>>> print(open('upload-v5.pdb').read())   # PDB, C-alpha atoms and all ligand atoms
ATOM      1  CA  MET A  28     -17.617  -2.660 -10.497  1.00  0.00           C
ATOM      2  CA  LEU A  29     -17.033   0.830 -11.877  1.00  0.00           C
ATOM      3  CA  ARG A  30     -19.148   2.445 -14.568  1.00  0.00           C
ATOM      4  CA  TRP A  31     -17.546   3.460 -17.862  1.00  0.00           C
ATOM      5  CA  LYS A  32     -16.592   7.007 -16.932  1.00  0.00           C
ATOM      6  CA  GLU A  33     -15.065   6.098 -13.583  1.00  0.00           C
ATOM      7  CA  LEU A  34     -13.253   3.123 -15.070  1.00  0.00           C
ATOM      8  CA  TYR A  35     -11.789   5.287 -17.825  1.00  0.00           C
ATOM      9  CA  GLU A  36     -10.691   7.865 -15.228  1.00  0.00           C
ATOM     10  CA  GLU A  37      -9.023   5.186 -13.184  1.00  0.00           C
ATOM     11  CA  CYS A  38      -7.145   3.798 -16.179  1.00  0.00           C
ATOM     12  CA  ILE A  39      -6.004   7.185 -17.398  1.00  0.00           C
ATOM     13  CA  ASN A  40      -4.589   7.976 -13.964  1.00  0.00           C
ATOM     14  CA  CYS A  41      -3.097   4.525 -13.435  1.00  0.00           C
ATOM     15  CA  HIS A  42       0.546   4.207 -12.478  1.00  0.00           C
ATOM     16  CA  LYS A  43       0.325   0.814 -10.843  1.00  0.00           C
ATOM     17  CA  CYS A  44       3.171  -0.479 -13.014  1.00  0.00           C
ATOM     18  CA  ASP A  45       6.040   1.028 -14.989  1.00  0.00           C
ATOM     19  CA  LEU A  46       4.103   0.872 -18.244  1.00  0.00           C
ATOM     20  CA  GLY A  47       1.973   3.719 -16.935  1.00  0.00           C
ATOM     21  CA  ASP A  48       5.040   5.942 -16.564  1.00  0.00           C
ATOM     22  CA  ASN A  49       6.248   5.419 -20.109  1.00  0.00           C
ATOM     23  CA  ARG A  50       3.081   5.676 -22.187  1.00  0.00           C
ATOM     24  CA  THR A  51       2.102   8.428 -24.603  1.00  0.00           C
ATOM     25  CA  ASN A  52      -1.549   7.394 -24.385  1.00  0.00           C
ATOM     26  CA  MET A  53      -3.444   4.912 -22.282  1.00  0.00           C
ATOM     27  CA  VAL A  54      -5.344   2.733 -24.786  1.00  0.00           C
ATOM     28  CA  PHE A  55      -8.687   1.979 -23.213  1.00  0.00           C
ATOM     29  CA  GLY A  56     -10.838   0.370 -25.914  1.00  0.00           C
ATOM     30  CA  ASP A  57     -12.888   1.127 -28.983  1.00  0.00           C
ATOM     31  CA  GLY A  58     -16.015   0.053 -30.809  1.00  0.00           C
ATOM     32  CA  ASN A  59     -19.533  -0.551 -29.590  1.00  0.00           C
ATOM     33  CA  PRO A  60     -19.647  -0.943 -25.793  1.00  0.00           C
ATOM     34  CA  LYS A  61     -23.043  -2.600 -26.164  1.00  0.00           C
ATOM     35  CA  ALA A  62     -21.874  -5.152 -28.726  1.00  0.00           C
ATOM     36  CA  LYS A  63     -22.333  -8.907 -28.356  1.00  0.00           C
ATOM     37  CA  ILE A  64     -18.748  -9.500 -29.467  1.00  0.00           C
ATOM     38  CA  MET A  65     -15.644  -8.507 -27.565  1.00  0.00           C
ATOM     39  CA  LEU A  66     -12.165  -8.856 -29.036  1.00  0.00           C
ATOM     40  CA  ILE A  67      -9.206  -8.817 -26.695  1.00  0.00           C
ATOM     41  CA  GLY A  68      -5.564  -8.329 -27.638  1.00  0.00           C
ATOM     42  CA  GLU A  69      -2.328  -8.155 -25.695  1.00  0.00           C
ATOM     43  CA  ALA A  70      -1.211  -4.554 -25.305  1.00  0.00           C
ATOM     44  CA  PRO A  71      -0.899  -1.413 -27.422  1.00  0.00           C
ATOM     45  CA  GLY A  72       1.891  -1.153 -29.966  1.00  0.00           C
ATOM     46  CA  ALA A  73       3.632   2.013 -31.138  1.00  0.00           C
ATOM     47  CA  ASP A  74       0.757   3.208 -33.344  1.00  0.00           C
ATOM     48  CA  GLU A  75      -1.832   2.544 -30.670  1.00  0.00           C
ATOM     49  CA  ASP A  76       0.277   4.324 -28.042  1.00  0.00           C
ATOM     50  CA  ARG A  77       0.603   7.325 -30.366  1.00  0.00           C
ATOM     51  CA  LEU A  78      -3.074   7.475 -31.331  1.00  0.00           C
ATOM     52  CA  GLY A  79      -4.813   6.182 -28.199  1.00  0.00           C
ATOM     53  CA  TYR A  80      -6.899   3.501 -29.950  1.00  0.00           C
ATOM     54  CA  PRO A  81      -6.450  -0.276 -30.035  1.00  0.00           C
ATOM     55  CA  PHE A  82      -5.533  -2.200 -33.173  1.00  0.00           C
ATOM     56  CA  VAL A  83      -4.910   0.733 -35.502  1.00  0.00           C
ATOM     57  CA  GLY A  84      -1.416  -0.310 -36.668  1.00  0.00           C
ATOM     58  CA  LYS A  85      -0.518  -2.755 -39.423  1.00  0.00           C
ATOM     59  CA  GLY A  86      -1.903  -5.840 -37.617  1.00  0.00           C
ATOM     60  CA  GLY A  87      -4.968  -3.965 -36.473  1.00  0.00           C
ATOM     61  CA  GLN A  88      -5.742  -2.827 -39.981  1.00  0.00           C
ATOM     62  CA  LEU A  89      -5.481  -6.394 -41.243  1.00  0.00           C
ATOM     63  CA  LEU A  90      -7.888  -7.514 -38.536  1.00  0.00           C
ATOM     64  CA  THR A  91     -10.327  -4.661 -39.160  1.00  0.00           C
ATOM     65  CA  LYS A  92     -10.358  -5.384 -42.896  1.00  0.00           C
ATOM     66  CA  ALA A  93     -10.820  -9.127 -42.429  1.00  0.00           C
ATOM     67  CA  LEU A  94     -13.754  -8.519 -40.089  1.00  0.00           C
ATOM     68  CA  LEU A  95     -15.232  -5.988 -42.460  1.00  0.00           C
ATOM     69  CA  ALA A  96     -15.090  -8.582 -45.243  1.00  0.00           C
ATOM     70  CA  LEU A  97     -17.379 -10.638 -42.979  1.00  0.00           C
ATOM     71  CA  ASP A  98     -19.607  -7.594 -42.482  1.00  0.00           C
ATOM     72  CA  LEU A  99     -18.458  -7.161 -38.893  1.00  0.00           C
ATOM     73  CA  LYS A 100     -17.980  -3.462 -38.214  1.00  0.00           C
ATOM     74  CA  ARG A 101     -16.096  -2.072 -35.233  1.00  0.00           C
ATOM     75  CA  GLU A 102     -18.572   0.721 -34.507  1.00  0.00           C
ATOM     76  CA  ARG A 103     -21.554  -1.649 -34.700  1.00  0.00           C
ATOM     77  CA  ASP A 104     -20.659  -5.277 -34.020  1.00  0.00           C
ATOM     78  CA  TYR A 105     -17.772  -5.435 -31.579  1.00  0.00           C
ATOM     79  CA  TYR A 106     -15.877  -3.840 -28.752  1.00  0.00           C
ATOM     80  CA  ILE A 107     -12.095  -4.191 -28.857  1.00  0.00           C
ATOM     81  CA  CYS A 108      -9.473  -3.693 -26.170  1.00  0.00           C
ATOM     82  CA  ASN A 109      -6.363  -5.239 -24.671  1.00  0.00           C
ATOM     83  CA  VAL A 110      -5.248  -7.044 -21.536  1.00  0.00           C
ATOM     84  CA  CYS A 111      -2.756  -4.221 -20.866  1.00  0.00           C
ATOM     85  CA  LYS A 112      -3.807  -0.640 -21.436  1.00  0.00           C
ATOM     86  CA  CYS A 113      -0.285   0.749 -21.834  1.00  0.00           C
ATOM     87  CA  ARG A 114       2.475  -0.102 -24.277  1.00  0.00           C
ATOM     88  CA  PRO A 115       5.388  -2.257 -23.175  1.00  0.00           C
ATOM     89  CA  GLU A 116       8.611  -0.787 -24.591  1.00  0.00           C
ATOM     90  CA  ASN A 117       9.765  -2.246 -27.927  1.00  0.00           C
ATOM     91  CA  ASN A 118       6.485  -4.180 -28.128  1.00  0.00           C
ATOM     92  CA  ARG A 119       7.732  -6.849 -25.781  1.00  0.00           C
ATOM     93  CA  THR A 120       5.199  -9.244 -24.275  1.00  0.00           C
ATOM     94  CA  PRO A 121       3.798  -7.852 -21.013  1.00  0.00           C
ATOM     95  CA  THR A 122       5.158  -9.578 -17.923  1.00  0.00           C
ATOM     96  CA  GLU A 123       2.927 -11.777 -15.802  1.00  0.00           C
ATOM     97  CA  GLU A 124       2.858  -9.017 -13.185  1.00  0.00           C
ATOM     98  CA  GLU A 125       1.905  -6.301 -15.688  1.00  0.00           C
ATOM     99  CA  GLY A 126      -0.899  -8.459 -17.040  1.00  0.00           C
ATOM    100  CA  GLU A 127      -2.166  -9.271 -13.543  1.00  0.00           C
ATOM    101  CA  THR A 128      -2.046  -5.617 -12.522  1.00  0.00           C
ATOM    102  CA  CYS A 129      -4.111  -4.549 -15.513  1.00  0.00           C
ATOM    103  CA  LEU A 130      -6.507  -7.507 -15.528  1.00  0.00           C
ATOM    104  CA  PRO A 131      -9.098  -5.994 -13.142  1.00  0.00           C
ATOM    105  CA  TYR A 132      -9.661  -3.189 -15.669  1.00  0.00           C
ATOM    106  CA  LEU A 133     -10.330  -5.741 -18.393  1.00  0.00           C
ATOM    107  CA  ARG A 134     -12.644  -7.706 -16.105  1.00  0.00           C
ATOM    108  CA  ASN A 135     -14.553  -4.505 -15.403  1.00  0.00           C
ATOM    109  CA  GLN A 136     -14.841  -3.826 -19.151  1.00  0.00           C
ATOM    110  CA  VAL A 137     -16.165  -7.346 -19.727  1.00  0.00           C
ATOM    111  CA  ALA A 138     -18.695  -6.856 -16.913  1.00  0.00           C
ATOM    112  CA  LEU A 139     -19.887  -3.610 -18.505  1.00  0.00           C
ATOM    113  CA  VAL A 140     -20.084  -4.875 -22.088  1.00  0.00           C
ATOM    114  CA  ARG A 141     -21.562  -8.237 -21.061  1.00  0.00           C
ATOM    115  CA  PRO A 142     -20.533  -9.842 -24.379  1.00  0.00           C
ATOM    116  CA  LYS A 143     -22.004 -13.107 -25.594  1.00  0.00           C
ATOM    117  CA  ILE A 144     -18.817 -13.850 -27.501  1.00  0.00           C
ATOM    118  CA  ILE A 145     -15.187 -13.176 -26.599  1.00  0.00           C
ATOM    119  CA  VAL A 146     -12.344 -13.722 -29.042  1.00  0.00           C
ATOM    120  CA  CYS A 147      -8.813 -13.584 -27.688  1.00  0.00           C
ATOM    121  CA  LEU A 148      -6.194 -12.471 -30.167  1.00  0.00           C
ATOM    122  CA  GLY A 149      -2.892 -14.191 -29.502  1.00  0.00           C
ATOM    123  CA  ALA A 150      -1.331 -16.186 -26.703  1.00  0.00           C
ATOM    124  CA  THR A 151      -1.226 -13.461 -24.051  1.00  0.00           C
ATOM    125  CA  ALA A 152      -4.940 -12.678 -24.201  1.00  0.00           C
ATOM    126  CA  PHE A 153      -5.728 -16.378 -24.456  1.00  0.00           C
ATOM    127  CA  ARG A 154      -3.768 -17.180 -21.313  1.00  0.00           C
ATOM    128  CA  PHE A 155      -5.098 -14.294 -19.251  1.00  0.00           C
ATOM    129  CA  VAL A 156      -8.726 -14.703 -20.306  1.00  0.00           C
ATOM    130  CA  ILE A 157      -9.376 -18.337 -21.242  1.00  0.00           C
ATOM    131  CA  ASP A 158      -6.744 -20.759 -19.979  1.00  0.00           C
ATOM    132  CA  ARG A 159      -3.548 -20.092 -18.052  1.00  0.00           C
ATOM    133  CA  GLU A 160      -2.033 -23.282 -19.442  1.00  0.00           C
ATOM    134  CA  GLY A 161      -3.308 -22.687 -22.968  1.00  0.00           C
ATOM    135  CA  LYS A 162      -1.273 -22.870 -26.159  1.00  0.00           C
ATOM    136  CA  ILE A 163      -2.644 -20.838 -29.016  1.00  0.00           C
ATOM    137  CA  THR A 164      -1.307 -23.125 -31.747  1.00  0.00           C
ATOM    138  CA  ARG A 165      -3.018 -26.096 -30.103  1.00  0.00           C
ATOM    139  CA  ASP A 166      -6.153 -24.478 -28.704  1.00  0.00           C
ATOM    140  CA  ARG A 167      -7.116 -21.841 -31.265  1.00  0.00           C
ATOM    141  CA  GLY A 168     -10.448 -22.136 -33.005  1.00  0.00           C
ATOM    142  CA  LYS A 169     -12.108 -24.075 -30.189  1.00  0.00           C
ATOM    143  CA  TRP A 170     -15.138 -22.557 -28.492  1.00  0.00           C
ATOM    144  CA  VAL A 171     -15.566 -22.886 -24.763  1.00  0.00           C
ATOM    145  CA  GLU A 172     -18.582 -21.700 -22.826  1.00  0.00           C
ATOM    146  CA  LYS A 173     -18.343 -19.893 -19.496  1.00  0.00           C
ATOM    147  CA  LYS A 174     -21.451 -18.527 -17.790  1.00  0.00           C
ATOM    148  CA  GLY A 175     -23.388 -18.180 -21.044  1.00  0.00           C
ATOM    149  CA  CYS A 176     -20.511 -16.497 -22.903  1.00  0.00           C
ATOM    150  CA  TYR A 177     -18.693 -18.259 -25.757  1.00  0.00           C
ATOM    151  CA  LEU A 178     -14.944 -17.795 -25.845  1.00  0.00           C
ATOM    152  CA  MET A 179     -12.380 -18.648 -28.487  1.00  0.00           C
ATOM    153  CA  GLY A 180      -8.752 -17.850 -29.139  1.00  0.00           C
ATOM    154  CA  THR A 181      -7.073 -17.260 -32.449  1.00  0.00           C
ATOM    155  CA  PHE A 182      -3.720 -15.979 -33.660  1.00  0.00           C
ATOM    156  CA  HIS A 183      -2.722 -12.416 -33.076  1.00  0.00           C
ATOM    157  CA  PRO A 184      -3.010 -10.548 -36.392  1.00  0.00           C
ATOM    158  CA  ALA A 185       0.666  -9.530 -36.149  1.00  0.00           C
ATOM    159  CA  ALA A 186       1.532 -13.245 -36.261  1.00  0.00           C
ATOM    160  CA  ILE A 187      -0.017 -13.439 -39.721  1.00  0.00           C
ATOM    161  CA  PHE A 188       2.627 -11.045 -41.052  1.00  0.00           C
ATOM    162  CA  ARG A 189       5.393 -13.087 -39.500  1.00  0.00           C
ATOM    163  CA  ASP A 190       4.053 -16.396 -40.746  1.00  0.00           C
ATOM    164  CA  GLU A 191       1.808 -16.447 -43.808  1.00  0.00           C
ATOM    165  CA  SER A 192       0.905 -20.099 -43.206  1.00  0.00           C
ATOM    166  CA  LYS A 193      -1.268 -18.979 -40.277  1.00  0.00           C
ATOM    167  CA  LYS A 194      -3.475 -16.886 -42.521  1.00  0.00           C
ATOM    168  CA  ALA A 195      -5.913 -19.623 -43.558  1.00  0.00           C
ATOM    169  CA  LEU A 196      -6.502 -20.730 -39.961  1.00  0.00           C
ATOM    170  CA  PHE A 197      -6.926 -17.142 -38.818  1.00  0.00           C
ATOM    171  CA  TRP A 198      -9.524 -16.608 -41.534  1.00  0.00           C
ATOM    172  CA  GLN A 199     -11.227 -19.872 -40.584  1.00  0.00           C
ATOM    173  CA  ASP A 200     -11.467 -18.677 -36.961  1.00  0.00           C
ATOM    174  CA  LEU A 201     -12.932 -15.320 -37.955  1.00  0.00           C
ATOM    175  CA  LYS A 202     -15.529 -17.115 -40.073  1.00  0.00           C
ATOM    176  CA  SER A 203     -16.339 -19.287 -37.074  1.00  0.00           C
ATOM    177  CA  LEU A 204     -16.823 -16.089 -35.060  1.00  0.00           C
ATOM    178  CA  LYS A 205     -19.299 -14.804 -37.600  1.00  0.00           C
ATOM    179  CA  GLU A 206     -21.191 -18.109 -37.577  1.00  0.00           C
ATOM    180  CA  LYS A 207     -21.405 -18.064 -33.777  1.00  0.00           C
ATOM    181  CA  TYR A 208     -22.609 -14.460 -33.878  1.00  0.00           C
ATOM    182  CA  TYR A 209     -25.336 -15.176 -36.407  1.00  0.00           C
ATOM    183  CA  GLU A 210     -26.363 -18.291 -34.504  1.00  0.00           C
ATOM    184  CA  LEU A 211     -26.839 -16.198 -31.339  1.00  0.00           C
ATOM    185  CA  ILE A 212     -28.757 -13.472 -33.166  1.00  0.00           C
ATOM    186  CA  LYS A 213     -31.026 -16.115 -34.689  1.00  0.00           C
ATOM    187  CA  ILE A 214     -31.726 -17.668 -31.287  1.00  0.00           C
ATOM    188  CA  GLU A 215     -32.505 -14.247 -29.780  1.00  0.00           C
ATOM    189  CA  ASN A 216     -34.894 -13.435 -32.611  1.00  0.00           C
ATOM    190  CA  THR A 217     -36.859 -16.608 -32.046  1.00  0.00           C
ATOM    191  CA  LEU A 218     -37.248 -16.051 -28.286  1.00  0.00           C
TER     192      LEU A 218
HETATM  193  N1  LIG B 301      -1.440  -5.555 -30.609  1.00  0.00           N
HETATM  194  C1  LIG B 301      -2.314  -5.742 -29.607  1.00  0.00           C
HETATM  195  O1  LIG B 301      -2.351  -6.785 -28.985  1.00  0.00           O
HETATM  196  N2  LIG B 301      -3.148  -4.756 -29.344  1.00  0.00           N
HETATM  197  C2  LIG B 301      -3.181  -3.602 -30.012  1.00  0.00           C
HETATM  198  O2  LIG B 301      -3.997  -2.744 -29.698  1.00  0.00           O
HETATM  199  C3  LIG B 301      -2.260  -3.439 -31.039  1.00  0.00           C
HETATM  200  C4  LIG B 301      -1.390  -4.426 -31.323  1.00  0.00           C
END
>>> encode(input="upload-v5.pdb", output="structure tokens", more="lines below")
Ligand code: URA
Amino acid sequence: MLRWKELYEECINCHKCDLGDNRTNMVFGDGNPKAKIMLIGEAPGADEDRLGYPFVGKGGQLLTKALLALDLKRERDYYICNVCKCRPENNRTPTEEEGETCLPYLRNQVALVRPKIIVCLGATAFRFVIDREGKITRDRGKWVEKKGCYLMGTFHPAAIFRDESKKALFWQDLKSLKEKYYELIKIENTL
């Protein structure tokens, strides 16, 4: 397992797949690396590629605002990153191979953050992190526990723009995240 600095260096120099040759910026992660919550998306979009930070485009702003409404702040309460660190052209879904190639970096990030809660945003993150056979429409909102960490998938925020009917469930899942977070904090404070 690499430490933060070495891991970042490795990612910024990575050309293990074609995505590395076409990026403007490698998008490593953002937020509090000591947080209990980790949010994982698919891959950077155009805005993220331009700016070098995850979830800063339209979908990201929706997510950030929704979390803020629950008093969950990026710089304090969560760390956020993606399965793939580089943007696939035209925002296509990363291939299985691209995801697999990048996955060790994500695993290393998880090992460094040691989150108590992981929320996967969208089908790609869900399949790479929680369940290869998973279906986000069927499995979202359900907590599973793995080695003392609670994991849940929900819709990708970009999906909310495409289909307004997903909004209520997305909000429900974020509220469930907050409840799980507060539950864990309460338990820790009583130990
Ligand atoms: N979509 C993602 O999955 N990740 C980002 O960082 C931005 C958009």
>>> resolve_selection(input="upload-v5.pdb", expression="the PyMOL selection byres (((not hetatm)) within 9 of (chain B and resi 301))", output="ChimeraX atom specification")
/A:54,56,67-76,80-87,107-112,114,118,148-149,151-152,183-185
>>> closest_residue(input="upload-v5.pdb", among="A:Cys38, A:Pro121, A:Ile187, A:Leu66", to="Met53 of chain A", atoms="only C-alpha atoms")
A:Cys38
>>> atom_distance(input="upload-v5.pdb", atom1="atom CA of Asn117 of chain A", atom2="atom CA of Arg159 of chain A")
24.4 Å
>>> resolve_selection(input="upload-v5.pdb", expression="the PyMOL selection byres (((chain A and resi 190-196) around 12) and not hetatm)", output="list in words")
Leu89, Leu90, Ala93, Gly149, Ile163, Thr164, Arg165, Asp166, Arg167, Gly168, Lys169, Gly180, Thr181, Phe182, His183, Pro184, Ala185, Ala186, Ile187, Phe188, Arg189, Phe197, Trp198, Gln199, Asp200, Leu201, Lys202 and Ser203 of chain A
>>> write_last_selection(input="upload-v5.pdb", atoms="C-alpha atoms", output="PDB file, in the frame of the given file")
ATOM      1  CA  LEU A  89      -5.481  -6.394 -41.243  1.00  0.00           C
ATOM      2  CA  LEU A  90      -7.888  -7.514 -38.536  1.00  0.00           C
ATOM      3  CA  ALA A  93     -10.820  -9.127 -42.429  1.00  0.00           C
ATOM      4  CA  GLY A 149      -2.892 -14.191 -29.502  1.00  0.00           C
ATOM      5  CA  ILE A 163      -2.644 -20.838 -29.016  1.00  0.00           C
ATOM      6  CA  THR A 164      -1.307 -23.125 -31.747  1.00  0.00           C
ATOM      7  CA  ARG A 165      -3.018 -26.096 -30.103  1.00  0.00           C
ATOM      8  CA  ASP A 166      -6.153 -24.478 -28.704  1.00  0.00           C
ATOM      9  CA  ARG A 167      -7.116 -21.841 -31.265  1.00  0.00           C
ATOM     10  CA  GLY A 168     -10.448 -22.136 -33.005  1.00  0.00           C
ATOM     11  CA  LYS A 169     -12.108 -24.075 -30.189  1.00  0.00           C
ATOM     12  CA  GLY A 180      -8.752 -17.850 -29.139  1.00  0.00           C
ATOM     13  CA  THR A 181      -7.073 -17.260 -32.449  1.00  0.00           C
ATOM     14  CA  PHE A 182      -3.720 -15.979 -33.660  1.00  0.00           C
ATOM     15  CA  HIS A 183      -2.722 -12.416 -33.076  1.00  0.00           C
ATOM     16  CA  PRO A 184      -3.010 -10.548 -36.392  1.00  0.00           C
ATOM     17  CA  ALA A 185       0.666  -9.530 -36.149  1.00  0.00           C
ATOM     18  CA  ALA A 186       1.532 -13.245 -36.261  1.00  0.00           C
ATOM     19  CA  ILE A 187      -0.017 -13.439 -39.721  1.00  0.00           C
ATOM     20  CA  PHE A 188       2.627 -11.045 -41.052  1.00  0.00           C
ATOM     21  CA  ARG A 189       5.393 -13.087 -39.500  1.00  0.00           C
ATOM     22  CA  PHE A 197      -6.926 -17.142 -38.818  1.00  0.00           C
ATOM     23  CA  TRP A 198      -9.524 -16.608 -41.534  1.00  0.00           C
ATOM     24  CA  GLN A 199     -11.227 -19.872 -40.584  1.00  0.00           C
ATOM     25  CA  ASP A 200     -11.467 -18.677 -36.961  1.00  0.00           C
ATOM     26  CA  LEU A 201     -12.932 -15.320 -37.955  1.00  0.00           C
ATOM     27  CA  LYS A 202     -15.529 -17.115 -40.073  1.00  0.00           C
ATOM     28  CA  SER A 203     -16.339 -19.287 -37.074  1.00  0.00           C
TER      29      SER A 203
END
>>> resolve_selection(input="upload-v5.pdb", expression="the PyMOL selection byres (((chain A and resi 135) around 9) and not hetatm)", output="ChimeraX atom specification")
/A:28-31,34,130-134,136-140
>>> atom_distance(input="upload-v5.pdb", atom1="atom CA of Gly126 of chain A", atom2="atom CA of Gly47 of chain A")
12.5 Å
>>> residues_near_point(input="upload-v5.pdb", point="(-21.2, -2.0, -33.1)", cutoff="10 Å", atoms="all atoms listed in the file", output="ChimeraX atom specification")
/A:57-64,99-106
>>> atom_distance(input="upload-v5.pdb", atom1="atom CA of Arg50 of chain A", atom2="atom CA of Arg119 of chain A")
13.8 Å
>>> axis_aligned_box(input="upload-v5.pdb", around="segment 159-170 of chain A", padding_each_side="6 Å", output="lines of an AutoDock Vina configuration file")
center_x = -8.2
center_y = -23.1
center_z = -25.5
size_x = 25.9
size_y = 18.0
size_z = 27.0
>>> closest_residue(input="upload-v5.pdb", among="A:Met65, A:Ile144, A:Cys41, A:Ala96", to="Glu210 of chain A", atoms="only C-alpha atoms")
A:Ile144
>>> decode(input="upload-v5.pdb", residues="segment 87-100 of chain A", atoms="N, CA, C and O atoms", output="PDB file, in the first residue's frame")
ATOM      1  N   GLY A  87     -22.231  17.182  -9.959  1.00  0.00           N
ATOM      2  CA  GLY A  87     -21.456  17.318  -8.725  1.00  0.00           C
ATOM      3  C   GLY A  87     -21.992  18.424  -7.836  1.00  0.00           C
ATOM      4  O   GLY A  87     -22.066  18.279  -6.605  1.00  0.00           O
ATOM      5  N   GLN A  88     -22.379  19.515  -8.475  1.00  0.00           N
ATOM      6  CA  GLN A  88     -22.921  20.635  -7.694  1.00  0.00           C
ATOM      7  C   GLN A  88     -24.247  20.259  -7.040  1.00  0.00           C
ATOM      8  O   GLN A  88     -24.514  20.628  -5.896  1.00  0.00           O
ATOM      9  N   LEU A  89     -25.049  19.498  -7.777  1.00  0.00           N
ATOM     10  CA  LEU A  89     -26.320  19.028  -7.194  1.00  0.00           C
ATOM     11  C   LEU A  89     -26.050  18.154  -5.973  1.00  0.00           C
ATOM     12  O   LEU A  89     -26.658  18.320  -4.914  1.00  0.00           O
ATOM     13  N   LEU A  90     -25.085  17.267  -6.117  1.00  0.00           N
ATOM     14  CA  LEU A  90     -24.726  16.367  -5.014  1.00  0.00           C
ATOM     15  C   LEU A  90     -24.193  17.160  -3.818  1.00  0.00           C
ATOM     16  O   LEU A  90     -24.614  16.940  -2.674  1.00  0.00           O
ATOM     17  N   THR A  91     -23.277  18.071  -4.093  1.00  0.00           N
ATOM     18  CA  THR A  91     -22.664  18.866  -3.018  1.00  0.00           C
ATOM     19  C   THR A  91     -23.731  19.646  -2.257  1.00  0.00           C
ATOM     20  O   THR A  91     -23.712  19.702  -1.026  1.00  0.00           O
ATOM     21  N   LYS A  92     -24.658  20.235  -3.004  1.00  0.00           N
ATOM     22  CA  LYS A  92     -25.733  21.023  -2.376  1.00  0.00           C
ATOM     23  C   LYS A  92     -26.666  20.147  -1.555  1.00  0.00           C
ATOM     24  O   LYS A  92     -27.082  20.510  -0.459  1.00  0.00           O
ATOM     25  N   ALA A  93     -27.012  18.986  -2.095  1.00  0.00           N
ATOM     26  CA  ALA A  93     -27.911  18.077  -1.369  1.00  0.00           C
ATOM     27  C   ALA A  93     -27.257  17.634  -0.060  1.00  0.00           C
ATOM     28  O   ALA A  93     -27.909  17.588   0.993  1.00  0.00           O
ATOM     29  N   LEU A  94     -25.968  17.335  -0.121  1.00  0.00           N
ATOM     30  CA  LEU A  94     -25.261  16.900   1.091  1.00  0.00           C
ATOM     31  C   LEU A  94     -25.146  18.046   2.092  1.00  0.00           C
ATOM     32  O   LEU A  94     -25.290  17.844   3.301  1.00  0.00           O
ATOM     33  N   LEU A  95     -24.934  19.223   1.566  1.00  0.00           N
ATOM     34  CA  LEU A  95     -24.828  20.397   2.430  1.00  0.00           C
ATOM     35  C   LEU A  95     -26.147  20.661   3.168  1.00  0.00           C
ATOM     36  O   LEU A  95     -26.157  21.045   4.338  1.00  0.00           O
ATOM     37  N   ALA A  96     -27.253  20.398   2.465  1.00  0.00           N
ATOM     38  CA  ALA A  96     -28.575  20.559   3.086  1.00  0.00           C
ATOM     39  C   ALA A  96     -28.732  19.589   4.260  1.00  0.00           C
ATOM     40  O   ALA A  96     -29.547  19.809   5.156  1.00  0.00           O
ATOM     41  N   LEU A  97     -27.937  18.521   4.249  1.00  0.00           N
ATOM     42  CA  LEU A  97     -27.960  17.556   5.365  1.00  0.00           C
ATOM     43  C   LEU A  97     -26.802  17.826   6.331  1.00  0.00           C
ATOM     44  O   LEU A  97     -26.466  16.992   7.166  1.00  0.00           O
ATOM     45  N   ASP A  98     -26.191  18.973   6.158  1.00  0.00           N
ATOM     46  CA  ASP A  98     -25.038  19.385   6.975  1.00  0.00           C
ATOM     47  C   ASP A  98     -23.845  18.449   6.801  1.00  0.00           C
ATOM     48  O   ASP A  98     -23.092  18.204   7.737  1.00  0.00           O
ATOM     49  N   LEU A  99     -23.689  17.919   5.618  1.00  0.00           N
ATOM     50  CA  LEU A  99     -22.507  17.104   5.307  1.00  0.00           C
ATOM     51  C   LEU A  99     -21.620  17.916   4.365  1.00  0.00           C
ATOM     52  O   LEU A  99     -21.986  18.178   3.212  1.00  0.00           O
ATOM     53  N   LYS A 100     -20.468  18.315   4.900  1.00  0.00           N
ATOM     54  CA  LYS A 100     -19.574  19.202   4.139  1.00  0.00           C
ATOM     55  C   LYS A 100     -18.387  18.419   3.590  1.00  0.00           C
ATOM     56  O   LYS A 100     -17.778  17.610   4.289  1.00  0.00           O
TER      57      LYS A 100
END
